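Here's coords_13.cif, which has mmCIF, C-alpha atoms; chains and numbers go by the auth columns:
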data_work
loop_
_atom_site.group_PDB
_atom_site.id
_atom_site.type_symbol
_atom_site.label_atom_id
_atom_site.label_comp_id
_atom_site.label_asym_id
_atom_site.label_seq_id
_atom_site.Cartn_x
_atom_site.Cartn_y
_atom_site.Cartn_z
_atom_site.B_iso_or_equiv
_atom_site.auth_seq_id
_atom_site.auth_asym_id
ATOM 1 C CA MET A 1 -10.961 -3.407 -15.174 0.00 155 A
ATOM 2 C CA ASP A 2 -7.725 -1.470 -15.571 0.00 156 A
ATOM 3 C CA LEU A 3 -7.299 1.886 -13.892 0.00 157 A
ATOM 4 C CA ASP A 4 -5.820 4.724 -15.903 0.00 158 A
ATOM 5 C CA VAL A 5 -2.538 5.579 -14.177 0.00 159 A
ATOM 6 C CA SER A 6 -0.735 7.226 -17.051 0.00 160 A
ATOM 7 C CA GLU A 7 1.970 8.683 -14.774 0.00 161 A
ATOM 8 C CA VAL A 8 3.076 5.170 -13.772 0.00 162 A
ATOM 9 C CA ASP A 9 5.118 2.865 -16.014 0.00 163 A
ATOM 10 C CA ALA A 10 3.081 -0.312 -16.648 0.00 164 A
ATOM 11 C CA ASP A 11 6.159 -2.484 -15.917 0.00 165 A
ATOM 12 C CA THR A 12 6.577 -1.283 -12.317 0.00 166 A
ATOM 13 C CA ARG A 13 5.313 -2.593 -9.007 0.00 167 A
ATOM 14 C CA ASP A 14 3.527 0.710 -8.404 0.00 168 A
ATOM 15 C CA TYR A 15 1.377 -0.014 -11.452 0.00 169 A
ATOM 16 C CA ASP A 16 0.470 -3.447 -10.054 0.00 170 A
ATOM 17 C CA VAL A 17 -0.453 -1.887 -6.723 0.00 171 A
ATOM 18 C CA GLN A 18 -2.737 0.632 -8.396 0.00 172 A
ATOM 19 C CA GLN A 19 -4.443 -2.091 -10.447 0.00 173 A
ATOM 20 C CA HIS A 20 -5.022 -4.388 -7.472 0.00 174 A
ATOM 21 C CA LYS A 21 -5.501 -1.886 -4.663 0.00 175 A
ATOM 22 C CA THR A 22 -8.686 -3.485 -3.267 0.00 176 A
ATOM 23 C CA GLU A 23 -7.188 -6.976 -3.067 0.00 177 A
ATOM 24 C CA ILE A 24 -3.925 -5.698 -1.602 0.00 178 A
ATOM 25 C CA TYR A 25 -5.702 -3.693 1.096 0.00 179 A
ATOM 26 C CA ALA A 26 -7.920 -6.689 2.004 0.00 180 A
ATOM 27 C CA GLU A 27 -4.836 -8.899 2.410 0.00 181 A
ATOM 28 C CA PHE A 28 -3.078 -6.209 4.462 0.00 182 A
ATOM 29 C CA GLU A 29 -6.109 -5.943 6.760 0.00 183 A
ATOM 30 C CA ARG A 30 -6.323 -9.765 7.081 0.00 184 A
ATOM 31 C CA ARG A 31 -2.665 -9.929 8.131 0.00 185 A
ATOM 32 C CA LEU A 32 -3.095 -7.137 10.676 0.00 186 A
ATOM 33 C CA LYS A 33 -6.073 -8.921 12.229 0.00 187 A
ATOM 34 C CA ALA A 34 -4.087 -12.172 12.375 0.00 188 A
ATOM 35 C CA ALA A 35 -1.093 -10.437 13.955 0.00 189 A
ATOM 36 C CA PHE A 36 -3.183 -8.464 16.458 0.00 190 A
ATOM 37 C CA PRO A 37 -6.266 -10.571 17.298 0.00 191 A
ATOM 38 C CA GLU A 38 -6.902 -8.350 20.330 0.00 192 A
ATOM 39 C CA GLY A 39 -7.428 -5.439 17.936 0.00 193 A
ATOM 40 C CA TYR A 40 -5.355 -2.490 16.784 0.00 194 A
ATOM 41 C CA ARG A 41 -5.744 1.212 16.176 0.00 195 A
ATOM 42 C CA MET A 42 -4.094 2.910 13.258 0.00 196 A
ATOM 43 C CA HIS A 43 -3.970 6.686 13.466 0.00 197 A
ATOM 44 C CA THR A 44 -2.910 7.303 9.889 0.00 198 A
ATOM 45 C CA PHE A 45 -2.572 5.207 6.794 0.00 199 A
ATOM 46 C CA GLU A 46 -1.564 6.223 3.300 0.00 200 A
ATOM 47 C CA PHE A 47 -2.021 3.875 0.384 0.00 201 A
ATOM 48 C CA GLY A 48 -0.748 4.773 -3.032 0.00 202 A
ATOM 49 C CA LEU A 49 2.339 5.429 -5.063 0.00 203 A
ATOM 50 C CA ASP A 50 5.747 5.225 -3.461 0.00 204 A
ATOM 51 C CA THR A 51 6.904 8.794 -2.949 0.00 205 A
ATOM 52 C CA GLY A 52 10.339 7.798 -1.661 0.00 206 A
ATOM 53 C CA TRP A 53 9.955 9.648 1.670 0.00 207 A
ATOM 54 C CA HIS A 54 11.547 6.720 3.520 0.00 208 A
ATOM 55 C CA GLU A 55 14.806 7.120 1.591 0.00 209 A
ATOM 56 C CA GLU A 56 15.522 10.256 3.650 0.00 210 A
ATOM 57 C CA LEU A 57 15.366 8.143 6.834 0.00 211 A
ATOM 58 C CA ALA A 58 18.251 5.962 5.620 0.00 212 A
ATOM 59 C CA LYS A 59 20.503 9.019 5.358 0.00 213 A
ATOM 60 C CA SER A 60 19.974 9.959 9.024 0.00 214 A
#
Take the structure I supplied and represent it as structure tokens, if you would.
Amino acid sequence: MDLDVSEVDADTRDYDVQQHKTEIYAEFERRLKAAFPEGYRMHTFEFGLDTGWHEELAKS
């Protein structure tokens, strides 16, 4: 089933992420559990389109 993400160009990685969000999150969680078998706590997590906020960090 394709999600309607009309604001995202179908040829971009963001589009792929939106279409496969469940599988991507499951793999992310599997890798976290493998990296931290003793457990981990994540205070915040945002999953979605790249907003480019990290580009400001490079300028600092």
Pairwise distance for CA of Leu186 (chain A) and CA of Val171 (chain A), rounded to one decimal in Å:
18.4 Å
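Taking CA of Glu209 (chain A) and CA of Phe190 (chain A) as endpoints, the distance between them is 28.1 Å.
Straight-line separation from CA of Ala180 (chain A) to CA of Thr166 (chain A): 21.1 Å.
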Determine, counting all atoms listed in the file, which protein, DNA and RNA residues have an atom within 12 Å of an atom of region 195-199 of chain A; residues of the same chain fewer than 6 positions away are not included. Present the result as a ChimeraX atom specification.
/A:179,182-183,186-187
Determine the axis-aligned bounding box of all atoms of region 177-186 of chain A present in the file, pad each side by 8 Å, and express its centre and edge lengths in Å to one decimal place as lines of an AutoDock Vina configuration file.
center_x = -5.3
center_y = -6.8
center_z = 3.8
size_x = 21.3
size_y = 22.2
size_z = 29.7
Taking the partial coordinates given, rebuild region 184-199 of chain A to contain N, CA, C and O atoms; return it as a short mmCIF file (atom, residue, chain, number, x, y, z; two decimals), in the frame of the given file.
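See rebuild-v2.cif below for the written result:
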data_model
loop_
_atom_site.label_atom_id
_atom_site.label_comp_id
_atom_site.auth_asym_id
_atom_site.auth_seq_id
_atom_site.Cartn_x
_atom_site.Cartn_y
_atom_site.Cartn_z
N ARG A 184 -6.26 -8.39 6.56
CA ARG A 184 -6.32 -9.76 7.08
C ARG A 184 -5.08 -10.08 7.91
O ARG A 184 -5.16 -10.65 9.00
N ARG A 185 -3.91 -9.66 7.41
CA ARG A 185 -2.66 -9.93 8.13
C ARG A 185 -2.59 -9.15 9.44
O ARG A 185 -2.09 -9.66 10.44
N LEU A 186 -3.07 -7.92 9.44
CA LEU A 186 -3.10 -7.14 10.68
C LEU A 186 -3.98 -7.81 11.72
O LEU A 186 -3.62 -7.91 12.89
N LYS A 187 -5.16 -8.26 11.30
CA LYS A 187 -6.07 -8.92 12.23
C LYS A 187 -5.47 -10.22 12.76
O LYS A 187 -5.67 -10.55 13.93
N ALA A 188 -4.73 -10.94 11.93
CA ALA A 188 -4.09 -12.17 12.38
C ALA A 188 -2.95 -11.87 13.35
O ALA A 188 -2.75 -12.59 14.32
N ALA A 189 -2.22 -10.80 13.10
CA ALA A 189 -1.09 -10.44 13.96
C ALA A 189 -1.55 -9.83 15.28
O ALA A 189 -0.87 -9.97 16.30
N PHE A 190 -2.68 -9.14 15.26
CA PHE A 190 -3.18 -8.46 16.46
C PHE A 190 -4.64 -8.85 16.70
O PHE A 190 -5.55 -8.04 16.51
N PRO A 191 -4.88 -10.12 17.12
CA PRO A 191 -6.27 -10.57 17.30
C PRO A 191 -7.01 -9.78 18.38
O PRO A 191 -8.23 -9.73 18.37
N GLU A 192 -6.27 -9.15 19.28
CA GLU A 192 -6.90 -8.35 20.33
C GLU A 192 -7.37 -7.00 19.80
O GLU A 192 -8.05 -6.26 20.49
N GLY A 193 -7.02 -6.69 18.57
CA GLY A 193 -7.43 -5.44 17.94
C GLY A 193 -6.25 -4.50 17.79
O GLY A 193 -5.19 -4.69 18.39
N TYR A 194 -6.41 -3.48 17.01
CA TYR A 194 -5.36 -2.49 16.78
C TYR A 194 -6.01 -1.17 16.39
O TYR A 194 -7.17 -1.13 15.95
N ARG A 195 -5.27 -0.10 16.58
CA ARG A 195 -5.74 1.21 16.18
C ARG A 195 -4.66 1.85 15.33
O ARG A 195 -3.50 1.92 15.73
N MET A 196 -5.04 2.29 14.16
CA MET A 196 -4.09 2.91 13.26
C MET A 196 -4.51 4.37 13.11
O MET A 196 -5.63 4.66 12.68
N HIS A 197 -3.62 5.27 13.49
CA HIS A 197 -3.97 6.69 13.47
C HIS A 197 -3.91 7.28 12.06
O HIS A 197 -4.71 8.14 11.72
N THR A 198 -2.98 6.83 11.27
CA THR A 198 -2.91 7.30 9.89
C THR A 198 -2.51 6.14 8.99
O THR A 198 -1.84 5.20 9.43
N PHE A 199 -2.92 6.23 7.77
CA PHE A 199 -2.57 5.21 6.79
C PHE A 199 -2.64 5.85 5.42
O PHE A 199 -3.63 6.49 5.07
#
